[in-house]
Amino acid sequence: MVTENPYIKQFPDLMAGKTVLYVHGFASSGQSGTVRRLQEVLPQARVIAPDLPVHPHEAQALLNDVCQREQPDLIIGTSMGGMYTEQLHNYDRICVNAALEIAETMKAHGMTGTQQFQNPRLDGVQEFYVDKALVKEYREVSEQRFQGMTDDDRQRVYGLFGDEDDVVDTYDMFHEHYPQAIHFHGKHRMNDRSFMHSVVPVIRWINDRQEQCERPIIYIGIETMMDDYRKPVSSVQKAVRLLIEHYQVLFVAPAEDTATTESWLTEHIGVPAWQHTIYTYRRNLLYGDYLITAPKQERSEGSLATVLEYGSETFKTWEDIIEYFSRLGGQ
């Protein structure tokens, strides 16, 4: 499949030969835009996305049956699908904008009465009706959240939450139970940009762990990423997006700048910076393959990594650094 979408990029090696189960949101179907994104981005993966029954207990039964039969390597659920996904224990999972209190969300946003399906369904049904009894069913199912979770689950489940989501806000609830809760730039409905910049990096982390893949390490000094006004320098965001495809990218900042650095990276780099920042004065002690730093950065001399001096004659811009690593081909 060849894509002409400027935001979408294919990764044939990512989840290659594996099964990815997608669990759609309320009033959607297995023919949603997110399914098409997954199929485009992961062309060598087997993406399955069943149409969920309207009644939540039936949806749970269907998903449990699918998991038993297919044994998916990864489950991704959005909104209501994120609620279901959280309850599918013992699988690697990504819950995106999980509607963990779906009954309250339905009442608050007018999701009762006659509803239209937003995407075509295989059974041809185009609308359904939500009454008080159905809302009660959703409440019963949502109240099963976090039941039966194990220590293994806590390490295998990621929660992604859009910082502009005006439909659900369950980050705090999720984070009380799962340490891997991450904010991303985006609304309740993901677009191509938020999907590529936020979901795909997490898929890569999961795939690397499954494959026991250890990528070469690149350390990036925070001072190389911003100008005098603390704005991102030209092409640095592009460079990070490209580098994380082949390398483990870690960001390095002085120990006293913890809060400001974290805020800046969250704003300008997003999900790839989550738990990928090191605070130290002794960059020469960092063990890795490459260190991108400002010229004569204090305590970078004698580094165990290959030092690339950003702003030097060889690496005047981030485009120069991009070209350098493109020639290396991931080495």
# chains A, B, ... in the order shown; residues from 1 in each chain; ligands from 1

$ residues_around --residues "Ile203 (chain A)" --least-positions-apart "2" --cutoff "12 Å" --atoms "only C-alpha atoms" --output "count of residues only"
39

$ residues_around --residues "Gly159 (chain A)" --least-positions-apart "3" --cutoff "12 Å" --atoms "only C-alpha atoms" --output "PDB file with C-alpha atoms, in the first residue's frame"
ATOM      1  CA  ILE A  75      -4.096  -4.123  21.693  1.00  0.00           C
ATOM      2  CA  ILE A  76      -4.870  -0.462  21.030  1.00  0.00           C
ATOM      3  CA  GLY A  77      -8.153   1.034  22.199  1.00  0.00           C
ATOM      4  CA  THR A  78      -9.468   4.567  21.854  1.00  0.00           C
ATOM      5  CA  SER A  79     -12.081   6.301  24.023  1.00  0.00           C
ATOM      6  CA  GLY A  82      -9.694   2.304  25.774  1.00  0.00           C
ATOM      7  CA  MET A  83     -12.011   1.350  28.620  1.00  0.00           C
ATOM      8  CA  THR A  85      -8.743  -2.443  26.418  1.00  0.00           C
ATOM      9  CA  GLU A  86      -7.724  -1.686  30.008  1.00  0.00           C
ATOM     10  CA  ASP A  92       0.583  -5.362  25.773  1.00  0.00           C
ATOM     11  CA  ARG A  93      -1.898  -2.500  25.497  1.00  0.00           C
ATOM     12  CA  ILE A  94      -2.216   1.182  24.641  1.00  0.00           C
ATOM     13  CA  CYS A  95      -5.287   2.994  25.952  1.00  0.00           C
ATOM     14  CA  VAL A  96      -5.819   6.297  24.139  1.00  0.00           C
ATOM     15  CA  ASN A  97      -8.107   8.872  25.783  1.00  0.00           C
ATOM     16  CA  ALA A  98      -9.744   6.026  27.660  1.00  0.00           C
ATOM     17  CA  ALA A  99     -13.366   6.754  28.619  1.00  0.00           C
ATOM     18  CA  LEU A 100     -13.105   5.029  31.991  1.00  0.00           C
ATOM     19  CA  ARG A 154       1.231  -2.258  35.233  1.00  0.00           C
ATOM     20  CA  GLN A 155       4.364  -2.607  33.123  1.00  0.00           C
ATOM     21  CA  ARG A 156       2.587  -3.607  29.912  1.00  0.00           C
ATOM     22  CA  GLY A 162      -4.669  14.354  24.803  1.00  0.00           C
ATOM     23  CA  ASP A 169     -10.391  13.444  31.374  1.00  0.00           C
ATOM     24  CA  THR A 170      -9.349  10.253  33.136  1.00  0.00           C
ATOM     25  CA  TYR A 171      -5.587  10.772  33.263  1.00  0.00           C
ATOM     26  CA  ASP A 172      -5.455  11.019  37.068  1.00  0.00           C
ATOM     27  CA  MET A 173      -7.692   7.976  37.527  1.00  0.00           C
ATOM     28  CA  PHE A 174      -5.554   5.923  35.154  1.00  0.00           C
ATOM     29  CA  HIS A 175      -2.280   7.141  36.655  1.00  0.00           C
ATOM     30  CA  GLU A 176      -3.336   6.047  40.132  1.00  0.00           C
ATOM     31  CA  HIS A 177      -3.145   2.466  38.892  1.00  0.00           C
ATOM     32  CA  TYR A 178      -0.683   2.519  35.978  1.00  0.00           C
ATOM     33  CA  PRO A 179       2.668   4.331  36.063  1.00  0.00           C
ATOM     34  CA  GLN A 180       2.874   4.640  32.266  1.00  0.00           C
ATOM     35  CA  ALA A 181       0.412   7.508  31.818  1.00  0.00           C
ATOM     36  CA  ILE A 182       1.474  10.125  29.268  1.00  0.00           C
ATOM     37  CA  HIS A 183       0.004  13.380  27.985  1.00  0.00           C
ATOM     38  CA  PHE A 184       0.237  14.087  24.264  1.00  0.00           C
ATOM     39  CA  SER A 198       2.410  10.058  20.019  1.00  0.00           C
ATOM     40  CA  VAL A 199       1.093   6.544  19.392  1.00  0.00           C
ATOM     41  CA  VAL A 202       4.901   3.874  22.089  1.00  0.00           C
ATOM     42  CA  VAL A 271       5.814  11.572  23.975  1.00  0.00           C
TER      43      VAL A 271
END

$ atom_distance --atom1 "CA of Ile48 (chain A)" --atom2 "CA of Asp65 (chain A)"
13.1 Å

$ atom_distance --atom1 "CA of Gln87 (chain A)" --atom2 "CA of Pro50 (chain A)"
16.8 Å

$ select_by_dssp --residues "region 75-254 of chain A" --states "helix (DSSP H, G or I)" --output "JSON, numbers by chain"
{"A": [80, 81, 82, 83, 84, 85, 86, 102, 103, 104, 105, 106, 107, 108, 132, 133, 134, 135, 136, 137, 138, 139, 140, 141, 142, 151, 152, 153, 154, 155, 156, 171, 172, 173, 174, 175, 192, 193, 194, 195, 196, 197, 198, 199, 200, 201, 202, 203, 204, 205, 206, 207, 208, 209, 210, 211, 222, 223, 224, 236, 237, 238, 239, 240, 241, 242, 243]}

$ atom_distance --atom1 "CA of Ala305 (chain A)" --atom2 "CA of Thr260 (chain A)"
26.0 Å

$ residues_around --residues "Ala59 (chain A)" --least-positions-apart "2" --cutoff "12 Å" --atoms "only C-alpha atoms" --output "VMD selection string"
chain A and resid 23 to 26 50 to 57 61 to 66 80 to 81 83 to 85 87 to 88 137 to 138 141

$ select_by_dssp --residues "region 126-175 of chain A" --states "strand (DSSP E)" --output "PDB file with C-alpha atoms, in the first residue's frame"
ATOM      1  CA  GLU A 127     -28.171   3.867  13.933  1.00  0.00           C
ATOM      2  CA  PHE A 128     -28.939   2.654  17.430  1.00  0.00           C
ATOM      3  CA  TYR A 129     -30.818   3.882  20.489  1.00  0.00           C
ATOM      4  CA  VAL A 130     -29.323   4.586  23.910  1.00  0.00           C
ATOM      5  CA  VAL A 157      -0.131  -0.964  29.708  1.00  0.00           C
ATOM      6  CA  TYR A 158       0.351   2.607  28.458  1.00  0.00           C
ATOM      7  CA  GLY A 159      -2.232   5.365  28.741  1.00  0.00           C
ATOM      8  CA  LEU A 160      -2.098   8.282  26.301  1.00  0.00           C
ATOM      9  CA  PHE A 161      -4.193  11.351  27.065  1.00  0.00           C
ATOM     10  CA  GLY A 162      -4.669  14.354  24.803  1.00  0.00           C
TER      11      GLY A 162
END

$ residues_around --residues "region 105-111 of chain A" --least-positions-apart "3" --cutoff "7 Å" --atoms "only C-alpha atoms" --output "PyMOL selection string"
chain A and resi 101-102+168

$ write_last_selection --atoms "N, CA and C atoms" --output "mmCIF file, in the first residue's frame"
data_model
loop_
_atom_site.group_PDB
_atom_site.id
_atom_site.type_symbol
_atom_site.label_atom_id
_atom_site.label_comp_id
_atom_site.auth_asym_id
_atom_site.auth_seq_id
_atom_site.Cartn_x
_atom_site.Cartn_y
_atom_site.Cartn_z
ATOM 1 N N GLU A 101 -15.052 6.361 32.548
ATOM 2 C CA GLU A 101 -16.360 6.624 33.157
ATOM 3 C C GLU A 101 -17.361 6.871 32.027
ATOM 4 N N ILE A 102 -17.539 5.886 31.182
ATOM 5 C CA ILE A 102 -18.272 6.059 29.939
ATOM 6 C C ILE A 102 -19.722 6.479 30.162
ATOM 7 N N VAL A 168 -13.269 13.481 27.492
ATOM 8 C CA VAL A 168 -12.980 12.710 28.703
ATOM 9 C C VAL A 168 -11.705 13.244 29.342
#

$ residues_around --residues "region 307-313 of chain A" --least-positions-apart "2" --cutoff "10 Å" --atoms "only C-alpha atoms" --output "short mmCIF file (atom, residue, chain, number, x, y, z; two decimals) with N, CA and C atoms, in the first residue's frame"
data_model
loop_
_atom_site.label_atom_id
_atom_site.label_comp_id
_atom_site.auth_asym_id
_atom_site.auth_seq_id
_atom_site.Cartn_x
_atom_site.Cartn_y
_atom_site.Cartn_z
N ILE A 218 21.71 7.67 21.41
CA ILE A 218 22.10 9.05 21.13
C ILE A 218 21.67 9.92 22.30
N TYR A 219 22.62 10.64 22.89
CA TYR A 219 22.30 11.64 23.91
C TYR A 219 22.26 13.01 23.23
N ILE A 220 21.24 13.79 23.56
CA ILE A 220 21.12 15.14 22.99
C ILE A 220 21.12 16.15 24.13
N GLY A 221 22.10 17.03 24.14
CA GLY A 221 22.14 18.09 25.14
C GLY A 221 21.02 19.09 24.90
N GLU A 223 20.75 22.10 25.47
CA GLU A 223 21.17 23.43 24.99
C GLU A 223 21.25 23.47 23.46
N THR A 224 21.36 22.32 22.80
CA THR A 224 21.42 22.30 21.34
C THR A 224 20.05 22.39 20.70
N MET A 225 19.01 22.33 21.51
CA MET A 225 17.65 22.21 20.98
C MET A 225 16.87 23.52 20.98
N ASN A 284 30.50 13.29 30.49
CA ASN A 284 31.58 12.40 30.07
C ASN A 284 31.43 10.99 30.65
N ASP A 289 26.44 5.70 22.47
CA ASP A 289 27.12 5.70 21.19
C ASP A 289 27.43 7.10 20.67
N TYR A 290 26.51 8.05 20.86
CA TYR A 290 26.70 9.40 20.35
C TYR A 290 26.22 10.41 21.38
N LEU A 291 26.90 11.55 21.43
CA LEU A 291 26.51 12.66 22.29
C LEU A 291 26.52 13.93 21.46
N ILE A 292 25.34 14.53 21.31
CA ILE A 292 25.22 15.79 20.58
C ILE A 292 25.21 16.90 21.62
N THR A 293 26.20 17.78 21.54
CA THR A 293 26.38 18.78 22.60
C THR A 293 26.89 20.07 22.00
N ALA A 294 26.80 21.14 22.77
CA ALA A 294 27.37 22.41 22.34
C ALA A 294 28.90 22.32 22.42
N PRO A 295 29.60 23.09 21.57
CA PRO A 295 31.07 23.06 21.61
C PRO A 295 31.60 23.37 23.00
N LYS A 296 32.59 22.56 23.43
CA LYS A 296 33.25 22.77 24.72
C LYS A 296 32.26 22.79 25.88
N GLN A 297 31.19 22.02 25.75
CA GLN A 297 30.25 21.90 26.86
C GLN A 297 30.97 21.32 28.07
N SER A 300 31.89 17.43 29.06
CA SER A 300 31.62 16.52 27.95
C SER A 300 32.92 15.92 27.43
N GLU A 301 34.02 16.59 27.71
CA GLU A 301 35.32 16.12 27.23
C GLU A 301 35.65 14.76 27.85
N GLY A 302 36.21 13.89 27.03
CA GLY A 302 36.52 12.56 27.50
C GLY A 302 35.32 11.64 27.52
N SER A 303 34.27 12.02 26.80
CA SER A 303 33.05 11.22 26.78
C SER A 303 33.31 9.84 26.21
N LEU A 304 32.56 8.86 26.71
CA LEU A 304 32.65 7.50 26.21
C LEU A 304 31.94 7.37 24.87
N ALA A 305 31.14 8.37 24.49
CA ALA A 305 30.40 8.35 23.23
C ALA A 305 31.11 9.21 22.19
N PHE A 315 28.95 20.53 12.07
CA PHE A 315 27.52 20.38 12.38
C PHE A 315 26.92 21.74 12.73
N LYS A 316 26.87 22.61 11.73
CA LYS A 316 26.36 23.96 11.97
C LYS A 316 24.87 23.97 12.30
N THR A 317 24.11 23.06 11.70
CA THR A 317 22.66 23.03 11.88
C THR A 317 22.21 21.60 12.16
N TRP A 318 20.94 21.49 12.54
CA TRP A 318 20.39 20.16 12.74
C TRP A 318 20.22 19.41 11.42
N ASP A 320 22.50 19.31 9.21
CA ASP A 320 23.79 18.64 9.07
C ASP A 320 23.82 17.34 9.89
N ILE A 321 23.23 17.40 11.08
CA ILE A 321 23.18 16.22 11.93
C ILE A 321 22.27 15.16 11.32
N TYR A 324 24.18 13.45 8.62
CA TYR A 324 25.21 12.58 9.18
C TYR A 324 24.62 11.22 9.57
#
